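Q: Right, I'll just put the structure down here and ask away after.
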Amino acid sequence: MSHVSSHSPHGQSPLRTVQVLGGGSAGSSTHVRSLASGLVARGVRVTVCAPGEADRTYDFTGVGAVHVPVPRSSDPASVAALRTACADADLVHAHGLHAAFRASLALSGRPVPFVVTWHSRAHAEGARGHLLRMLERRVAKAATVVLGTTSDLVDRARSRGARDARLAAIALPARRPGDEDPDQPRSKARAEVGATDRPLLMAVGTLDRYRGYETLLDAARAWCGLDPVPLLVVAGEGPLRPVLQRRIEDEELPVRLVGRRDDVGELIAAADLALLPNSWEARSVLAQEALHARVPLVAAAAPGIPELVGDAAELVPYGDGEAFGEAVVRLLADPGRREFLKERGVRQAATWPTEDETVSQVLSVYDELTQPRPLS
């Protein structure tokens, strides 16, 4: 491991970093909390610029960071607030495309090392797609270093003009102590969603058109004929909810939309199978939680997923509801295969970086960018 110091180039005061978070998916927000915690423990000063509700949910101040509330818009007031927060920073680290764009506006003209982490693949078509590519190019070129959470994101950053793009795998934070009592919470979680005497299938994520939920509803037809009929529970909220709800009712599908939940970890751990029809996050939190919790996973082979799960999940072609449904039915009928996937899942999860390794890697990048250059 590279030598990591928490000191600024002058060896006197601690390194001052600003972490910039936009709306922040659960994955990037959790990562910033984990990173802030690890950096503070190593003597680094951390300011987190994020909307007020993000601090209430993720408690950045609770791990020793200073929270500066900055709305997620790019209006002049937000950019000015960001510029003020970054005024005495030794290094600025933005998470996600929109946060990085705002940070690049706030830093314009200042020679501060600027790190950007790309956590997910953004989607858009037509004029919005053109705008998105312009945004990606602007951010890639503004960054001193782009950290991509999967190799396809690193390639994408390079293709958009990043001068230095590197792979930086991100750890899923460890479950907090007390989450572990395996059986009692399992039956309680199952009872709460109405799956005491039938198989429970879990999917998690924002209800929007890029998450693949239409595919999942197509797949649900495949297990309607089983006895007992498995129940698919979807945790998450979003604009597609009325459309999905109407389909569930019209087609009498065994699916329940339970909205946002703060017991998602318990629900995944209680499930017979976890289902991932698509993922925006390059390193899907659902996939990681399922493998950690020894829950077999059926996932669409979207970019980043095969790299993350290896042979520890059933992978089906993206967008193929029929194949997805068949994989679920096959797996429910095959306890041996489920057991195999549980074992493979534990072994695959052991190859992922720990929180400590994640923080050390990021800090070694910070060190490299803030060390004084020898005079030529």
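FYI, nothing fancy with the structure tokens labels: chains A, B, ... in order, residues from 1 per chain, ligands from 1 as they appear.
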Would you please extract all alpha helix (DSSP H) residues from stretch 142-304 of chain A, as assigned by DSSP on the backbone, and give them as a count of residues only?

A: 52

Q: Any chance you could tabulate, as a Markdown table, the residues of stretch 296-365 of chain A at most 7 Å from stretch 211-232 of chain A with each one's nearest atom pair and distance in Å to one decimal, using only C-alpha atoms, in chain and rising number order?

A:
| residue | atom | partner | partner_atom | distance |
| --- | --- | --- | --- | --- |
| A:Gly319 | CA | A:Thr215 | CA | 5.9 |
| A:Asp320 | CA | A:Thr215 | CA | 6.6 |
| A:Gly321 | CA | A:Ala219 | CA | 4.5 |
| A:Glu322 | CA | A:Ala219 | CA | 5.5 |
| A:Phe324 | CA | A:Ala219 | CA | 5.7 |
| A:Gly325 | CA | A:Ala219 | CA | 4.0 |
| A:Glu326 | CA | A:Ala222 | CA | 6.5 |
| A:Val329 | CA | A:Trp223 | CA | 6.1 |

Q: Residues of the last selection are to be written out with all heavy atoms, as a PDB file, in the first residue's frame.

A:
ATOM      1  N   GLY A 319     -33.441  -6.562 -20.605  1.00  0.00           N
ATOM      2  CA  GLY A 319     -34.691  -6.230 -21.295  1.00  0.00           C
ATOM      3  C   GLY A 319     -35.543  -7.416 -21.706  1.00  0.00           C
ATOM      4  O   GLY A 319     -36.587  -7.250 -22.316  1.00  0.00           O
ATOM      5  N   ASP A 320     -35.114  -8.644 -21.349  1.00  0.00           N
ATOM      6  CA  ASP A 320     -35.844  -9.856 -21.753  1.00  0.00           C
ATOM      7  C   ASP A 320     -36.670 -10.390 -20.584  1.00  0.00           C
ATOM      8  O   ASP A 320     -36.186 -11.169 -19.766  1.00  0.00           O
ATOM      9  CB  ASP A 320     -34.833 -10.902 -22.250  1.00  0.00           C
ATOM     10  CG  ASP A 320     -35.504 -12.126 -22.867  1.00  0.00           C
ATOM     11  OD1 ASP A 320     -36.688 -12.386 -22.549  1.00  0.00           O
ATOM     12  OD2 ASP A 320     -34.848 -12.817 -23.665  1.00  0.00           O
ATOM     13  N   GLY A 321     -37.931  -9.933 -20.494  1.00  0.00           N
ATOM     14  CA  GLY A 321     -38.800 -10.313 -19.382  1.00  0.00           C
ATOM     15  C   GLY A 321     -39.042 -11.807 -19.292  1.00  0.00           C
ATOM     16  O   GLY A 321     -39.084 -12.389 -18.207  1.00  0.00           O
ATOM     17  N   GLU A 322     -39.179 -12.431 -20.462  1.00  0.00           N
ATOM     18  CA  GLU A 322     -39.450 -13.874 -20.480  1.00  0.00           C
ATOM     19  C   GLU A 322     -38.276 -14.656 -19.885  1.00  0.00           C
ATOM     20  O   GLU A 322     -38.461 -15.527 -19.033  1.00  0.00           O
ATOM     21  CB  GLU A 322     -39.701 -14.313 -21.934  1.00  0.00           C
ATOM     22  CG  GLU A 322     -40.439 -15.635 -22.041  1.00  0.00           C
ATOM     23  CD  GLU A 322     -40.775 -15.981 -23.496  1.00  0.00           C
ATOM     24  OE1 GLU A 322     -41.134 -15.056 -24.262  1.00  0.00           O
ATOM     25  OE2 GLU A 322     -40.660 -17.159 -23.847  1.00  0.00           O
ATOM     26  N   PHE A 324     -36.034 -13.534 -17.890  1.00  0.00           N
ATOM     27  CA  PHE A 324     -35.924 -13.182 -16.472  1.00  0.00           C
ATOM     28  C   PHE A 324     -36.887 -14.047 -15.652  1.00  0.00           C
ATOM     29  O   PHE A 324     -36.512 -14.643 -14.640  1.00  0.00           O
ATOM     30  CB  PHE A 324     -36.250 -11.693 -16.284  1.00  0.00           C
ATOM     31  CG  PHE A 324     -35.580 -11.071 -15.092  1.00  0.00           C
ATOM     32  CD1 PHE A 324     -34.494 -10.227 -15.251  1.00  0.00           C
ATOM     33  CD2 PHE A 324     -36.030 -11.331 -13.800  1.00  0.00           C
ATOM     34  CE1 PHE A 324     -33.868  -9.644 -14.144  1.00  0.00           C
ATOM     35  CE2 PHE A 324     -35.410 -10.751 -12.692  1.00  0.00           C
ATOM     36  CZ  PHE A 324     -34.325  -9.913 -12.869  1.00  0.00           C
ATOM     37  N   GLY A 325     -38.143 -14.110 -16.111  1.00  0.00           N
ATOM     38  CA  GLY A 325     -39.154 -14.911 -15.413  1.00  0.00           C
ATOM     39  C   GLY A 325     -38.778 -16.379 -15.336  1.00  0.00           C
ATOM     40  O   GLY A 325     -38.919 -17.021 -14.290  1.00  0.00           O
ATOM     41  N   GLU A 326     -38.268 -16.916 -16.454  1.00  0.00           N
ATOM     42  CA  GLU A 326     -37.860 -18.332 -16.489  1.00  0.00           C
ATOM     43  C   GLU A 326     -36.727 -18.591 -15.502  1.00  0.00           C
ATOM     44  O   GLU A 326     -36.705 -19.626 -14.822  1.00  0.00           O
ATOM     45  CB  GLU A 326     -37.428 -18.722 -17.905  1.00  0.00           C
ATOM     46  CG  GLU A 326     -38.608 -18.922 -18.847  1.00  0.00           C
ATOM     47  CD  GLU A 326     -38.172 -19.003 -20.314  1.00  0.00           C
ATOM     48  OE1 GLU A 326     -36.939 -18.993 -20.570  1.00  0.00           O
ATOM     49  OE2 GLU A 326     -39.066 -19.067 -21.179  1.00  0.00           O
ATOM     50  N   VAL A 329     -38.209 -18.775 -11.950  1.00  0.00           N
ATOM     51  CA  VAL A 329     -38.953 -20.029 -11.735  1.00  0.00           C
ATOM     52  C   VAL A 329     -37.981 -21.210 -11.579  1.00  0.00           C
ATOM     53  O   VAL A 329     -38.121 -22.038 -10.675  1.00  0.00           O
ATOM     54  CB  VAL A 329     -39.942 -20.275 -12.904  1.00  0.00           C
ATOM     55  CG1 VAL A 329     -40.546 -21.670 -12.819  1.00  0.00           C
ATOM     56  CG2 VAL A 329     -41.042 -19.213 -12.897  1.00  0.00           C
TER      57      VAL A 329
END

Q: Can you list, as a PDB file with C-alpha atoms, in the first residue's frame, every protein, DNA or RNA residue that comes within 7 Å of stretch 78-88 of chain A when you count only C-alpha atoms, leaving out same-chain residues fewer than 3 positions away?

A:
ATOM      1  CA  VAL A  18     -14.462  19.482   0.300  1.00  0.00           C
ATOM      2  CA  VAL A  70     -26.027  23.616  -0.812  1.00  0.00           C
ATOM      3  CA  PRO A  71     -29.165  23.024  -2.927  1.00  0.00           C
ATOM      4  CA  SER A  73     -29.521  23.415  -8.520  1.00  0.00           C
ATOM      5  CA  SER A  74     -26.873  25.157 -10.648  1.00  0.00           C
ATOM      6  CA  ASP A  75     -28.271  28.648 -10.045  1.00  0.00           C
ATOM      7  CA  ARG A 102     -21.487  22.706 -10.224  1.00  0.00           C
ATOM      8  CA  ALA A 103     -18.108  22.264  -8.544  1.00  0.00           C
ATOM      9  CA  LEU A 105     -18.318  26.269 -12.103  1.00  0.00           C
ATOM     10  CA  ALA A 106     -17.461  27.160  -8.494  1.00  0.00           C
ATOM     11  CA  LEU A 107     -13.748  26.443  -9.033  1.00  0.00           C
TER      12      LEU A 107
END

Q: When you look at A:Leu297 with a cut-off of 12 Å (counting only C-alpha atoms), what residues show up, excluding the ones that are within fewer than 6 positions of it in the same chain? I need them as an NGL selection string.

A: :A and (201-203 or 268-269 or 271-277 or 284 or 286-291 or 305-306 or 309-316 or 324 or 327-328 or 331-332 or 337-342 or 344-345)

Q: Return the single residue from A:Ala195, A:Ala65, A:Ala169, A:Val116 that is closest to A:Gln361, with distances computed using only C-alpha atoms.

A: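 Comparing A:Ala195, A:Ala65, A:Ala169, A:Val116 against A:Gln361, the winner is A:Ala169.
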
Q: Per DSSP on the backbone, what are the strand (DSSP E or B) residues of stretch 8-123 of chain A, as a PyMOL selection string?

A: chain A and resi 14+16-21+45-50+66-69+91-95+114-118+120

Q: Smallest atom-to-atom distance to A:Tyr318: which of A:Tyr210, A:Ala99, A:Tyr366, A:Val258, using only C-alpha atoms?

A: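 Distance minimum relative to A:Tyr318 lands on A:Tyr210.
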
Q: Could you give me, as a VMD selection string, the residues within 12 Å of stretch 123-128 of chain A, counting only C-alpha atoms and dropping anything in the same chain fewer than 2 positions from it?

A: chain A and resid 97 120 to 121 130 to 136 208 to 211 279 to 281

Q: Which of these, A:Arg163, A:Val193, A:Ser108, A:His292, has the shortest distance to A:Thr351 once you count only C-alpha atoms?

A: A:His292

Q: Identify, on the basis of only C-alpha atoms, every residue whose closest approach to A:His31 does not exceed 8 Å; exclude the query and any residue fewer than 2 positions from it along the same chain; express the result as a list of chain:residue names.

A: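 The contact residues come out as A:Gly27, A:Ser28, A:Ser29, A:Arg33, A:Ser34, A:Leu35, A:Ile170, A:Ala171, A:Leu172, A:Pro173.
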
Q: Could the residues in this selection be written to a file with all heavy atoms, as a tab-separated table (two decimals), in the first residue's frame?

A:
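Writing the result to again31.tsv gives the following:
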chain	number	residue	atom	x	y	z
A	27	GLY	N	-26.26	5.11	-3.15
A	27	GLY	CA	-24.89	4.60	-3.26
A	27	GLY	C	-23.85	5.69	-3.06
A	27	GLY	O	-22.92	5.53	-2.27
A	28	SER	N	-24.01	6.84	-3.76
A	28	SER	CA	-22.99	7.88	-3.65
A	28	SER	C	-23.05	8.58	-2.29
A	28	SER	O	-22.03	8.94	-1.71
A	28	SER	CB	-23.09	8.89	-4.80
A	28	SER	OG	-24.37	9.47	-4.84
A	29	SER	N	-24.26	8.75	-1.75
A	29	SER	CA	-24.39	9.41	-0.43
A	29	SER	C	-23.77	8.55	0.67
A	29	SER	O	-23.06	9.05	1.55
A	29	SER	CB	-25.86	9.67	-0.10
A	29	SER	OG	-26.47	10.43	-1.12
A	33	ARG	N	-20.46	9.41	3.07
A	33	ARG	CA	-20.45	9.28	4.53
A	33	ARG	C	-19.29	8.39	4.98
A	33	ARG	O	-18.55	8.72	5.92
A	33	ARG	CB	-21.77	8.69	5.03
A	33	ARG	CG	-21.84	8.61	6.55
A	33	ARG	CD	-23.09	7.90	7.04
A	33	ARG	NE	-23.35	8.20	8.44
A	33	ARG	CZ	-22.79	7.55	9.46
A	33	ARG	NH1	-21.95	6.56	9.24
A	33	ARG	NH2	-23.07	7.89	10.71
A	34	SER	N	-19.13	7.26	4.31
A	34	SER	CA	-18.06	6.31	4.64
A	34	SER	C	-16.68	6.96	4.44
A	34	SER	O	-15.78	6.83	5.28
A	34	SER	CB	-18.22	5.08	3.73
A	34	SER	OG	-17.06	4.29	3.73
A	35	LEU	N	-16.55	7.69	3.32
A	35	LEU	CA	-15.29	8.36	3.00
A	35	LEU	C	-14.99	9.45	4.04
A	35	LEU	O	-13.87	9.55	4.55
A	35	LEU	CB	-15.42	8.97	1.60
A	35	LEU	CG	-14.16	9.43	0.89
A	35	LEU	CD1	-13.14	8.30	0.82
A	35	LEU	CD2	-14.51	9.91	-0.52
A	170	ILE	N	-15.64	0.86	-5.01
A	170	ILE	CA	-16.17	1.47	-3.79
A	170	ILE	C	-16.78	0.39	-2.90
A	170	ILE	O	-17.53	-0.46	-3.37
A	170	ILE	CB	-17.22	2.52	-4.18
A	170	ILE	CG1	-16.47	3.78	-4.65
A	170	ILE	CG2	-18.15	2.86	-3.04
A	170	ILE	CD1	-17.36	4.81	-5.24
A	171	ALA	N	-16.45	0.46	-1.61
A	171	ALA	CA	-16.96	-0.54	-0.68
A	171	ALA	C	-18.38	-0.23	-0.26
A	171	ALA	O	-18.76	0.93	-0.11
A	171	ALA	CB	-16.07	-0.59	0.56
A	172	LEU	N	-19.15	-1.28	-0.06
A	172	LEU	CA	-20.45	-1.13	0.58
A	172	LEU	C	-20.18	-1.08	2.07
A	172	LEU	O	-19.54	-1.98	2.62
A	172	LEU	CB	-21.31	-2.36	0.25
A	172	LEU	CG	-22.72	-2.36	0.81
A	172	LEU	CD1	-23.60	-1.40	0.02
A	172	LEU	CD2	-23.31	-3.76	0.75
A	173	PRO	N	-20.62	-0.02	2.78
A	173	PRO	CA	-20.34	0.04	4.21
A	173	PRO	C	-20.88	-1.19	4.94
A	173	PRO	O	-21.91	-1.73	4.57
A	173	PRO	CB	-21.08	1.30	4.67
A	173	PRO	CG	-21.16	2.13	3.45
A	173	PRO	CD	-21.33	1.17	2.31

Q: Of the candidates A:His95, A:Arg72, A:Arg166, A:Arg247, which one gets nearest to A:Trp118 if we count only C-alpha atoms?

A: A:His95

Q: Atom CA of A:Arg186 and atom CA of A:Ala299 are how many Å apart?

A: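 We find that atom CA of A:Arg186 and atom CA of A:Ala299 lie 22.6 Å from each other.
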
Q: Please compute the atom CA of A:Leu240-atom CA of A:Thr206 distance, one decimal, in Å.

A: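 These two atoms are separated by 8.7 Å.
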
Q: Using only C-alpha atoms, pick whichever of A:Ala162, A:Val145, A:Ala189, A:Ala301 has the shortest atom-to-atom distance to A:Val92.

A: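 Smallest separation from A:Val92 among the options: A:Val145.
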